[in-house]
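Enquirer: So that you have it, the file is target.pdb, and it contains PDB, C-alpha atoms, pLDDT in the B column:
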ATOM      1  CA  MET D  76      19.622  -7.811  21.520  1.00 74.00           C
ATOM      2  CA  LYS D  77      21.335  -9.638  18.668  1.00 81.00           C
ATOM      3  CA  LEU D  78      19.549  -9.704  15.340  1.00 83.00           C
ATOM      4  CA  SER D  79      19.505 -12.655  12.964  1.00 87.00           C
ATOM      5  CA  LYS D  80      21.542 -12.491   9.764  1.00 90.00           C
ATOM      6  CA  GLU D  81      18.342 -12.054   7.757  1.00 91.00           C
ATOM      7  CA  ILE D  82      17.129  -9.114   9.819  1.00 92.00           C
ATOM      8  CA  SER D  83      20.610  -7.555   9.864  1.00 92.00           C
ATOM      9  CA  ALA D  84      20.615  -7.756   6.066  1.00 93.00           C
ATOM     10  CA  PHE D  85      17.207  -6.075   6.071  1.00 94.00           C
ATOM     11  CA  CYS D  86      18.694  -3.217   8.128  1.00 94.00           C
ATOM     12  CA  ASP D  87      21.324  -2.814   5.438  1.00 94.00           C
ATOM     13  CA  ARG D  88      18.624  -2.662   2.764  1.00 95.00           C
ATOM     14  CA  ILE D  89      16.708   0.114   4.493  1.00 95.00           C
ATOM     15  CA  GLY D  90      19.864   1.952   5.517  1.00 94.00           C
ATOM     16  CA  HIS D  91      19.216   2.135   9.260  1.00 95.00           C
ATOM     17  CA  ARG D  92      21.009   0.508  12.168  1.00 93.00           C
ATOM     18  CA  PHE D  93      18.897   0.291  15.301  1.00 95.00           C
ATOM     19  CA  ASP D  94      20.128   1.353  18.700  1.00 95.00           C
ATOM     20  CA  ARG D  95      17.051  -0.456  20.021  1.00 95.00           C
ATOM     21  CA  PRO D  96      16.772  -3.508  17.764  1.00 94.00           C
ATOM     22  CA  GLU D  97      13.821  -4.831  19.756  1.00 94.00           C
ATOM     23  CA  LEU D  98      11.754  -2.116  18.044  1.00 96.00           C
ATOM     24  CA  LEU D  99      12.463  -3.633  14.652  1.00 96.00           C
ATOM     25  CA  VAL D 100      11.697  -7.143  15.871  1.00 93.00           C
ATOM     26  CA  ARG D 101       8.352  -5.909  17.169  1.00 94.00           C
ATOM     27  CA  ALA D 102       7.662  -4.117  13.871  1.00 95.00           C
ATOM     28  CA  LEU D 103       8.206  -7.374  12.000  1.00 94.00           C
ATOM     29  CA  THR D 104       6.012  -9.474  14.314  1.00 93.00           C
ATOM     30  CA  HIS D 105       2.489 -10.044  13.043  1.00 90.00           C
ATOM     31  CA  ALA D 106      -0.398 -10.564  15.468  1.00 88.00           C
ATOM     32  CA  SER D 107      -0.572 -14.220  14.413  1.00 87.00           C
ATOM     33  CA  ARG D 108       2.876 -14.717  15.958  1.00 81.00           C
ATOM     34  CA  SER D 109       2.427 -12.711  19.166  1.00 69.00           C
ATOM     35  CA  THR D 110       2.035 -14.319  22.571  1.00 67.00           C
ATOM     36  CA  ALA D 111       1.370 -13.121  26.098  1.00 61.00           C
ATOM     37  CA  GLY D 112       5.024 -12.178  26.450  1.00 61.00           C
ATOM     38  CA  ARG D 113       5.663 -10.917  22.935  1.00 70.00           C
ATOM     39  CA  SER D 114       4.153  -7.790  21.391  1.00 84.00           C
ATOM     40  CA  ASP D 115       3.000  -7.562  17.784  1.00 90.00           C
ATOM     41  CA  ASN D 116       3.300  -4.678  15.340  1.00 93.00           C
ATOM     42  CA  GLN D 117      -0.220  -3.258  15.469  1.00 93.00           C
ATOM     43  CA  ARG D 118       0.556  -0.274  17.696  1.00 95.00           C
ATOM     44  CA  LEU D 119       3.632   0.576  15.653  1.00 97.00           C
ATOM     45  CA  GLU D 120       1.573   0.308  12.465  1.00 96.00           C
ATOM     46  CA  PHE D 121      -0.849   2.891  13.885  1.00 97.00           C
ATOM     47  CA  LEU D 122       2.010   5.293  14.586  1.00 98.00           C
ATOM     48  CA  GLY D 123       3.837   4.638  11.332  1.00 98.00           C
ATOM     49  CA  ASP D 124       0.748   5.455   9.305  1.00 97.00           C
ATOM     50  CA  ARG D 125       0.684   8.931  10.866  1.00 98.00           C
ATOM     51  CA  VAL D 126       4.417   9.522  10.373  1.00 98.00           C
ATOM     52  CA  LEU D 127       4.166   8.471   6.734  1.00 98.00           C
ATOM     53  CA  GLY D 128       1.185  10.770   6.226  1.00 97.00           C
ATOM     54  CA  LEU D 129       2.962  13.815   7.610  1.00 98.00           C
ATOM     55  CA  VAL D 130       6.090  13.217   5.529  1.00 98.00           C
ATOM     56  CA  MET D 131       4.078  12.673   2.346  1.00 96.00           C
ATOM     57  CA  ALA D 132       1.935  15.773   2.901  1.00 96.00           C
ATOM     58  CA  GLU D 133       5.017  17.929   3.388  1.00 96.00           C
ATOM     59  CA  ALA D 134       6.829  16.359   0.425  1.00 95.00           C
ATOM     60  CA  LEU D 135       3.891  17.016  -1.912  1.00 94.00           C
ATOM     61  CA  LEU D 136       3.631  20.641  -0.808  1.00 94.00           C
ATOM     62  CA  GLU D 137       7.320  21.142  -1.494  1.00 93.00           C
ATOM     63  CA  ALA D 138       7.187  19.299  -4.832  1.00 90.00           C
ATOM     64  CA  ASP D 139       4.403  21.491  -6.222  1.00 89.00           C
ATOM     65  CA  PRO D 140       4.035  24.853  -4.431  1.00 91.00           C
ATOM     66  CA  GLN D 141       1.217  25.901  -6.793  1.00 91.00           C
ATOM     67  CA  ALA D 142      -1.010  22.837  -6.357  1.00 87.00           C
ATOM     68  CA  ARG D 143      -4.402  23.264  -4.742  1.00 89.00           C
ATOM     69  CA  GLU D 144      -5.787  20.989  -2.044  1.00 90.00           C
ATOM     70  CA  GLY D 145      -8.027  19.279  -4.596  1.00 83.00           C
ATOM     71  CA  GLN D 146      -4.949  18.288  -6.598  1.00 83.00           C
ATOM     72  CA  LEU D 147      -2.832  17.314  -3.604  1.00 89.00           C
ATOM     73  CA  ALA D 148      -5.366  15.043  -1.911  1.00 88.00           C
ATOM     74  CA  PRO D 149      -5.531  12.356  -4.625  1.00 85.00           C
ATOM     75  CA  ARG D 150      -1.746  12.367  -4.976  1.00 89.00           C
ATOM     76  CA  TYR D 151      -1.435  11.946  -1.230  1.00 92.00           C
ATOM     77  CA  ASN D 152      -3.908   9.075  -1.199  1.00 89.00           C
ATOM     78  CA  ALA D 153      -2.018   7.322  -3.997  1.00 87.00           C
ATOM     79  CA  LEU D 154       1.254   7.527  -2.059  1.00 93.00           C
ATOM     80  CA  VAL D 155       0.049   6.385   1.374  1.00 94.00           C
ATOM     81  CA  ARG D 156      -2.503   3.704   0.456  1.00 90.00           C
ATOM     82  CA  LYS D 157      -1.873   0.154   1.592  1.00 90.00           C
ATOM     83  CA  GLU D 158      -1.042  -1.113  -1.891  1.00 87.00           C
ATOM     84  CA  THR D 159       1.748   1.446  -2.280  1.00 91.00           C
ATOM     85  CA  CYS D 160       3.163   0.562   1.131  1.00 95.00           C
ATOM     86  CA  ALA D 161       3.089  -3.092   0.082  1.00 93.00           C
ATOM     87  CA  GLU D 162       4.933  -2.299  -3.164  1.00 91.00           C
ATOM     88  CA  VAL D 163       7.688  -0.549  -1.219  1.00 95.00           C
ATOM     89  CA  ALA D 164       7.801  -3.459   1.240  1.00 95.00           C
ATOM     90  CA  ARG D 165       8.344  -5.897  -1.625  1.00 94.00           C
ATOM     91  CA  GLU D 166      11.174  -3.790  -3.036  1.00 94.00           C
ATOM     92  CA  ILE D 167      13.099  -4.028   0.243  1.00 95.00           C
ATOM     93  CA  GLY D 168      12.298  -7.693   0.874  1.00 94.00           C
ATOM     94  CA  LEU D 169      10.248  -7.034   3.995  1.00 95.00           C
ATOM     95  CA  GLY D 170       8.149 -10.149   3.438  1.00 92.00           C
ATOM     96  CA  ASP D 171      11.242 -12.330   3.844  1.00 92.00           C
ATOM     97  CA  VAL D 172      11.717 -11.196   7.450  1.00 93.00           C
ATOM     98  CA  LEU D 173       8.110 -10.928   8.634  1.00 92.00           C
ATOM     99  CA  ARG D 174       7.514 -13.021  11.743  1.00 91.00           C
ATOM    100  CA  LEU D 175       4.252 -14.841  11.105  1.00 88.00           C
ATOM    101  CA  GLY D 176       2.188 -17.470  12.864  1.00 86.00           C
ATOM    102  CA  ARG D 177       1.685 -20.848  11.247  1.00 86.00           C
ATOM    103  CA  SER D 178      -1.758 -19.991   9.864  1.00 82.00           C
ATOM    104  CA  GLU D 179      -0.475 -16.938   7.995  1.00 85.00           C
ATOM    105  CA  MET D 180       2.589 -18.814   6.816  1.00 83.00           C
ATOM    106  CA  LEU D 181       0.397 -21.510   5.257  1.00 80.00           C
ATOM    107  CA  THR D 182      -1.895 -18.999   3.536  1.00 79.00           C
ATOM    108  CA  GLY D 183       0.853 -16.970   1.866  1.00 83.00           C
ATOM    109  CA  GLY D 184       1.016 -14.158   4.390  1.00 81.00           C
ATOM    110  CA  ARG D 185       4.415 -12.969   3.168  1.00 85.00           C
ATOM    111  CA  ARG D 186       2.794 -11.972  -0.131  1.00 85.00           C
ATOM    112  CA  LYS D 187      -0.379 -10.327   1.171  1.00 87.00           C
ATOM    113  CA  ASP D 188      -0.726  -6.592   0.584  1.00 88.00           C
ATOM    114  CA  ALA D 189      -2.383  -6.053   3.960  1.00 89.00           C
ATOM    115  CA  LEU D 190       0.415  -7.704   5.951  1.00 92.00           C
ATOM    116  CA  LEU D 191       3.183  -6.125   3.893  1.00 94.00           C
ATOM    117  CA  GLY D 192       1.605  -2.673   4.071  1.00 95.00           C
ATOM    118  CA  ASP D 193       1.075  -2.931   7.813  1.00 95.00           C
ATOM    119  CA  GLY D 194       4.629  -4.158   8.270  1.00 96.00           C
ATOM    120  CA  MET D 195       6.022  -1.259   6.246  1.00 97.00           C
ATOM    121  CA  GLU D 196       4.172   1.258   8.395  1.00 98.00           C
ATOM    122  CA  ALA D 197       5.396  -0.506  11.534  1.00 97.00           C
ATOM    123  CA  VAL D 198       9.015  -0.349  10.334  1.00 98.00           C
ATOM    124  CA  ILE D 199       8.629   3.398   9.749  1.00 98.00           C
ATOM    125  CA  ALA D 200       7.397   3.776  13.320  1.00 98.00           C
ATOM    126  CA  ALA D 201      10.253   1.646  14.633  1.00 98.00           C
ATOM    127  CA  VAL D 202      12.777   3.960  12.953  1.00 98.00           C
ATOM    128  CA  TYR D 203      10.895   6.975  14.332  1.00 98.00           C
ATOM    129  CA  ARG D 204      10.943   5.592  17.875  1.00 98.00           C
ATOM    130  CA  ASP D 205      14.580   4.558  17.553  1.00 97.00           C
ATOM    131  CA  ALA D 206      16.081   7.706  16.044  1.00 97.00           C
ATOM    132  CA  GLY D 207      13.444  10.427  15.757  1.00 97.00           C
ATOM    133  CA  PHE D 208      11.404  12.114  13.071  1.00 98.00           C
ATOM    134  CA  GLU D 209      14.262  13.196  10.795  1.00 97.00           C
ATOM    135  CA  ALA D 210      15.543   9.613  10.544  1.00 97.00           C
ATOM    136  CA  ALA D 211      12.059   8.339   9.717  1.00 98.00           C
ATOM    137  CA  LYS D 212      11.590  11.129   7.181  1.00 98.00           C
ATOM    138  CA  ALA D 213      14.898  10.284   5.497  1.00 97.00           C
ATOM    139  CA  LEU D 214      13.887   6.626   5.293  1.00 97.00           C
ATOM    140  CA  ILE D 215      10.495   7.432   3.739  1.00 98.00           C
ATOM    141  CA  LEU D 216      11.886   9.886   1.191  1.00 97.00           C
ATOM    142  CA  ARG D 217      14.579   7.391   0.225  1.00 96.00           C
ATOM    143  CA  LEU D 218      12.103   4.539  -0.294  1.00 96.00           C
ATOM    144  CA  TRP D 219       9.255   6.581  -1.809  1.00 95.00           C
ATOM    145  CA  GLY D 220      11.375   9.153  -3.650  1.00 87.00           C
ATOM    146  CA  LYS D 221      10.732   8.106  -7.239  1.00 87.00           C
ATOM    147  CA  ARG D 222       7.028   7.720  -6.538  1.00 90.00           C
ATOM    148  CA  ILE D 223       6.691  11.251  -5.204  1.00 89.00           C
ATOM    149  CA  GLY D 224       8.109  12.668  -8.414  1.00 83.00           C
ATOM    150  CA  ALA D 225       6.109  10.389 -10.685  1.00 81.00           C
ATOM    151  CA  VAL D 226       2.709  10.457  -8.960  1.00 81.00           C
ATOM    152  CA  GLU D 227       0.055  11.353 -11.503  1.00 67.00           C
ATOM    153  CA  ALA D 228      -1.245  14.915 -11.452  1.00 46.00           C
ATOM    154  CA  ASP D 229      -4.683  13.388 -11.056  1.00 47.00           C
ATOM    155  CA  ALA D 230      -4.123  10.258  -8.979  1.00 63.00           C
ATOM    156  CA  ARG D 231      -7.745   9.656  -8.095  1.00 65.00           C
ATOM    157  CA  ASP D 232      -8.826   6.239  -6.950  1.00 76.00           C
ATOM    158  CA  PRO D 233     -10.017   4.587 -10.219  1.00 86.00           C
ATOM    159  CA  LYS D 234     -13.327   3.358  -8.766  1.00 89.00           C
ATOM    160  CA  THR D 235     -14.115   6.821  -7.415  1.00 86.00           C
ATOM    161  CA  ALA D 236     -13.123   8.452 -10.684  1.00 86.00           C
ATOM    162  CA  LEU D 237     -15.301   6.062 -12.714  1.00 92.00           C
ATOM    163  CA  GLN D 238     -18.275   6.625 -10.427  1.00 92.00           C
ATOM    164  CA  GLU D 239     -17.865  10.390 -10.720  1.00 90.00           C
ATOM    165  CA  TRP D 240     -17.702  10.056 -14.510  1.00 91.00           C
ATOM    166  CA  ALA D 241     -20.943   8.068 -14.524  1.00 93.00           C
ATOM    167  CA  GLN D 242     -22.740  10.429 -12.135  1.00 93.00           C
ATOM    168  CA  ALA D 243     -21.761  13.447 -14.209  1.00 93.00           C
ATOM    169  CA  ARG D 244     -23.659  11.874 -17.117  1.00 94.00           C
ATOM    170  CA  GLY D 245     -26.719  10.861 -15.130  1.00 94.00           C
ATOM    171  CA  LEU D 246     -25.764   7.176 -15.038  1.00 94.00           C
ATOM    172  CA  PRO D 247     -26.039   4.869 -12.029  1.00 95.00           C
ATOM    173  CA  PRO D 248     -22.816   3.713 -10.350  1.00 94.00           C
ATOM    174  CA  PRO D 249     -20.834   1.055 -12.209  1.00 95.00           C
ATOM    175  CA  ALA D 250     -21.321  -2.593 -11.294  1.00 96.00           C
ATOM    176  CA  TYR D 251     -18.455  -4.941 -10.421  1.00 96.00           C
ATOM    177  CA  ILE D 252     -18.950  -8.612 -11.216  1.00 95.00           C
ATOM    178  CA  GLU D 253     -16.638 -11.456 -10.257  1.00 95.00           C
ATOM    179  CA  SER D 254     -16.535 -13.678 -13.338  1.00 91.00           C
ATOM    180  CA  ALA D 255     -13.829 -16.121 -12.298  1.00 93.00           C
ATOM    181  CA  ARG D 256     -11.472 -17.178  -9.542  1.00 92.00           C
ATOM    182  CA  SER D 257      -8.424 -19.354 -10.068  1.00 89.00           C
ATOM    183  CA  GLY D 258      -5.261 -20.433  -8.305  1.00 84.00           C
ATOM    184  CA  PRO D 259      -4.744 -22.050  -4.887  1.00 80.00           C
ATOM    185  CA  ASP D 260      -6.506 -20.776  -1.773  1.00 75.00           C
ATOM    186  CA  HIS D 261      -3.334 -19.139  -0.466  1.00 71.00           C
ATOM    187  CA  ALA D 262      -2.709 -17.248  -3.742  1.00 74.00           C
ATOM    188  CA  PRO D 263      -6.041 -16.720  -5.560  1.00 84.00           C
ATOM    189  CA  VAL D 264      -6.457 -14.744  -8.768  1.00 89.00           C
ATOM    190  CA  PHE D 265      -9.747 -12.887  -9.203  1.00 93.00           C
ATOM    191  CA  THR D 266     -11.246 -11.836 -12.526  1.00 95.00           C
ATOM    192  CA  ILE D 267     -13.552  -8.837 -12.185  1.00 96.00           C
ATOM    193  CA  SER D 268     -15.632  -7.022 -14.798  1.00 96.00           C
ATOM    194  CA  ALA D 269     -16.558  -3.354 -14.391  1.00 96.00           C
ATOM    195  CA  ARG D 270     -19.754  -2.445 -16.250  1.00 96.00           C
ATOM    196  CA  LEU D 271     -21.716   0.702 -16.958  1.00 96.00           C
ATOM    197  CA  GLU D 272     -25.424   0.878 -17.748  1.00 94.00           C
ATOM    198  CA  THR D 273     -24.453   1.907 -21.305  1.00 93.00           C
ATOM    199  CA  GLY D 274     -23.025  -1.569 -21.851  1.00 94.00           C
ATOM    200  CA  ALA D 275     -19.409  -0.490 -21.730  1.00 94.00           C
ATOM    201  CA  CYS D 276     -17.262  -2.893 -19.735  1.00 95.00           C
ATOM    202  CA  ALA D 277     -13.675  -3.837 -18.981  1.00 95.00           C
ATOM    203  CA  GLU D 278     -12.113  -6.820 -17.245  1.00 95.00           C
ATOM    204  CA  ALA D 279      -9.038  -7.235 -15.050  1.00 94.00           C
ATOM    205  CA  LYS D 280      -7.280  -9.870 -12.965  1.00 92.00           C
ATOM    206  CA  ALA D 281      -5.462  -9.463  -9.637  1.00 87.00           C
ATOM    207  CA  GLY D 282      -4.608 -11.251  -6.422  1.00 84.00           C
ATOM    208  CA  SER D 283      -7.401  -9.562  -4.470  1.00 85.00           C
ATOM    209  CA  LYS D 284     -10.927  -8.481  -5.341  1.00 87.00           C
ATOM    210  CA  ARG D 285     -10.140  -4.876  -4.479  1.00 85.00           C
ATOM    211  CA  GLN D 286      -7.103  -4.767  -6.758  1.00 85.00           C
ATOM    212  CA  ALA D 287      -9.024  -6.415  -9.592  1.00 91.00           C
ATOM    213  CA  GLU D 288     -11.908  -3.959  -9.200  1.00 93.00           C
ATOM    214  CA  GLN D 289      -9.510  -1.015  -9.231  1.00 87.00           C
ATOM    215  CA  ALA D 290      -7.740  -2.315 -12.325  1.00 90.00           C
ATOM    216  CA  ALA D 291     -11.040  -2.969 -14.126  1.00 94.00           C
ATOM    217  CA  ALA D 292     -12.301   0.503 -13.213  1.00 93.00           C
ATOM    218  CA  LYS D 293      -9.091   2.090 -14.490  1.00 89.00           C
ATOM    219  CA  ALA D 294      -9.347   0.204 -17.783  1.00 93.00           C
ATOM    220  CA  LEU D 295     -13.014   1.102 -18.234  1.00 94.00           C
ATOM    221  CA  LEU D 296     -12.429   4.753 -17.379  1.00 91.00           C
ATOM    222  CA  ALA D 297      -9.655   4.956 -19.976  1.00 89.00           C
ATOM    223  CA  GLN D 298     -11.978   3.322 -22.501  1.00 91.00           C
ATOM    224  CA  VAL D 299     -14.944   5.634 -22.012  1.00 91.00           C
ATOM    225  CA  GLU D 300     -12.843   8.786 -21.773  1.00 84.00           C
ATOM    226  CA  SER D 301     -11.134   7.852 -25.028  1.00 82.00           C
ATOM    227  CA  ASN D 302     -14.477   7.281 -26.747  1.00 78.00           C
ATOM    228  CA  HIS D 303     -15.719  10.694 -25.604  1.00 65.00           C
ATOM    229  CA  ASP D 304     -12.651  12.687 -26.602  1.00 56.00           C
TER     230      ASP D 304
END
Since I need it in another form, could you write the structure as structure tokens?

Expert:
Amino acid sequence: MKLSKEISAFCDRIGHRFDRPELLVRALTHASRSTAGRSDNQRLEFLGDRVLGLVMAEALLEADPQAREGQLAPRYNALVRKETCAEVAREIGLGDVLRLGRSEMLTGGRRKDALLGDGMEAVIAAVYRDAGFEAAKALILRLWGKRIGAVEADARDPKTALQEWAQARGLPPPAYIESARSGPDHAPVFTISARLETGACAEAKAGSKRQAEQAAAKALLAQVESNHD
């Protein structure tokens, strides 16, 4: 199977040449593009998620032999979450070679975290199926390497961390309020406020509600922790 120039260039960027290039084509094919005779990347995404998880768990154990499970779990979650996969996908230009249906093309699918994250996991699985675990591990460590070393010692999900902070002080969970939405339908920008019953609040903007909520929670947590130092 002959790959297009764009996909061949993508192989160069990830540093892997496929003996079975059809695996990569499948990994890059979103469900919106699949037909009765063409498979999409959902099954590979399922597998790639597990391969990524195993590699990250092992890498974190090796990076900090003294860390307890309670320290490792949030670091692990920060490294394997969909947003991180999407960040890596953007760095290697995966969105440029995603094979999307017309509907996803028109709604900015090449920029969506969900599609990019799924595609990244599918590419990991394609490398695993093509050349085995060690090749997939090498790919992951190469692409995630700097993140593994820089992951925060306490990489808790900001919303979870803020809720735990509130509960520890007898407060109800924080509220998240969408105060504005701007931009075109295919690339919206959400403005979200995170508020505590005390009146403390922080605002953030992002391309998805979840990202905006996380950013607002992170800002508010930093604010209240600073005030209570």

Enquirer: Need the shell around region 212-228 of chain D: protein/DNA/RNA residues with any atom at most 7 Å away, counting all atoms listed in the file. Skip same-chain ones fewer than 5 positions apart. Format as a VMD selection string?

Expert: chain D and resid 130 146 150 163

Enquirer: Would you list the contacts of region 258-271 of chain D as JSON, numbers by chain, taking every protein, DNA or RNA residue within 12 Å and counting all atoms listed in the file, but skipping same-chain residues closer than 5 positions in sequence?

Expert: {"D": [178, 179, 180, 181, 182, 183, 184, 185, 186, 187, 188, 233, 234, 237, 238, 240, 241, 242, 244, 245, 246, 247, 248, 249, 250, 251, 252, 253, 276, 277, 278, 279, 280, 281, 282, 283, 284, 285, 286, 287, 288, 289, 290, 291, 292, 293, 294, 295, 296, 298, 299]}

Enquirer: Run the PyMOL selection byres ((chain D and resi 201) around 10) against the file shown and list the residues it catches, as number ranges by chain.

Expert: D: 93, 95-103, 116, 119-120, 122-123, 195-200, 202-207, 211

Enquirer: When you draw a straight line from CA of Gln117 (chain D) to CA of Asp171 (chain D), how long is it in Å?

Expert: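 So the answer is 18.7 Å.
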
Enquirer: So how far away is CA of Val172 (chain D) from CA of Asp87 (chain D), in Å?

Expert: 12.9 Å

Enquirer: So, counting all atoms listed in the file, which residue among D:Ile82, D:Ala210, D:Leu147, D:Ala106 is closest to Leu135 (chain D)?

Expert: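 Distance minimum relative to Leu135 (chain D) lands on D:Leu147.
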
Enquirer: For the PyMOL selection byres ((chain D and resi 162) around 12), applied here, can you spell out every residue it catches as number ranges by chain?

Expert: D: 153-161, 163-170, 186-195, 218-219, 222

Enquirer: What is the distance between CA of Ser301 (chain D) and CA of Pro149 (chain D), in Å to one decimal?

Expert: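 CA of Pro149 (chain D) lies at a distance of 21.6 Å from CA of Ser301 (chain D).
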
Enquirer: Give me, as an mmCIF file with C-alpha atoms, in the frame of the given file, all polymer residues having an atom no more than 7 Å from region 175-177 of chain D, counting all atoms listed in the file and skipping those fewer than 6 positions away in the same chain.

Expert:
data_model
loop_
_atom_site.group_PDB
_atom_site.id
_atom_site.type_symbol
_atom_site.label_atom_id
_atom_site.label_comp_id
_atom_site.auth_asym_id
_atom_site.auth_seq_id
_atom_site.Cartn_x
_atom_site.Cartn_y
_atom_site.Cartn_z
ATOM 1 C CA THR D 104 6.012 -9.474 14.314
ATOM 2 C CA HIS D 105 2.489 -10.044 13.043
ATOM 3 C CA SER D 107 -0.572 -14.220 14.413
ATOM 4 C CA ARG D 108 2.876 -14.717 15.958
#

Enquirer: Under the rule that all atoms listed in the file are counted, which of D:Phe208, D:Ser83, D:Glu144, D:Gly90 is the nearest residue to Leu127 (chain D)?

Expert: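 Among the listed residues, the smallest separation from Leu127 (chain D) belongs to D:Phe208.
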
Enquirer: Calculated over only C-alpha atoms, which of the candidates D:Asp139, D:Leu173, D:Glu209, D:Met131 has the smallest distance to Asp115 (chain D)?

Expert: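 Smallest separation from Asp115 (chain D) among the options: D:Leu173.
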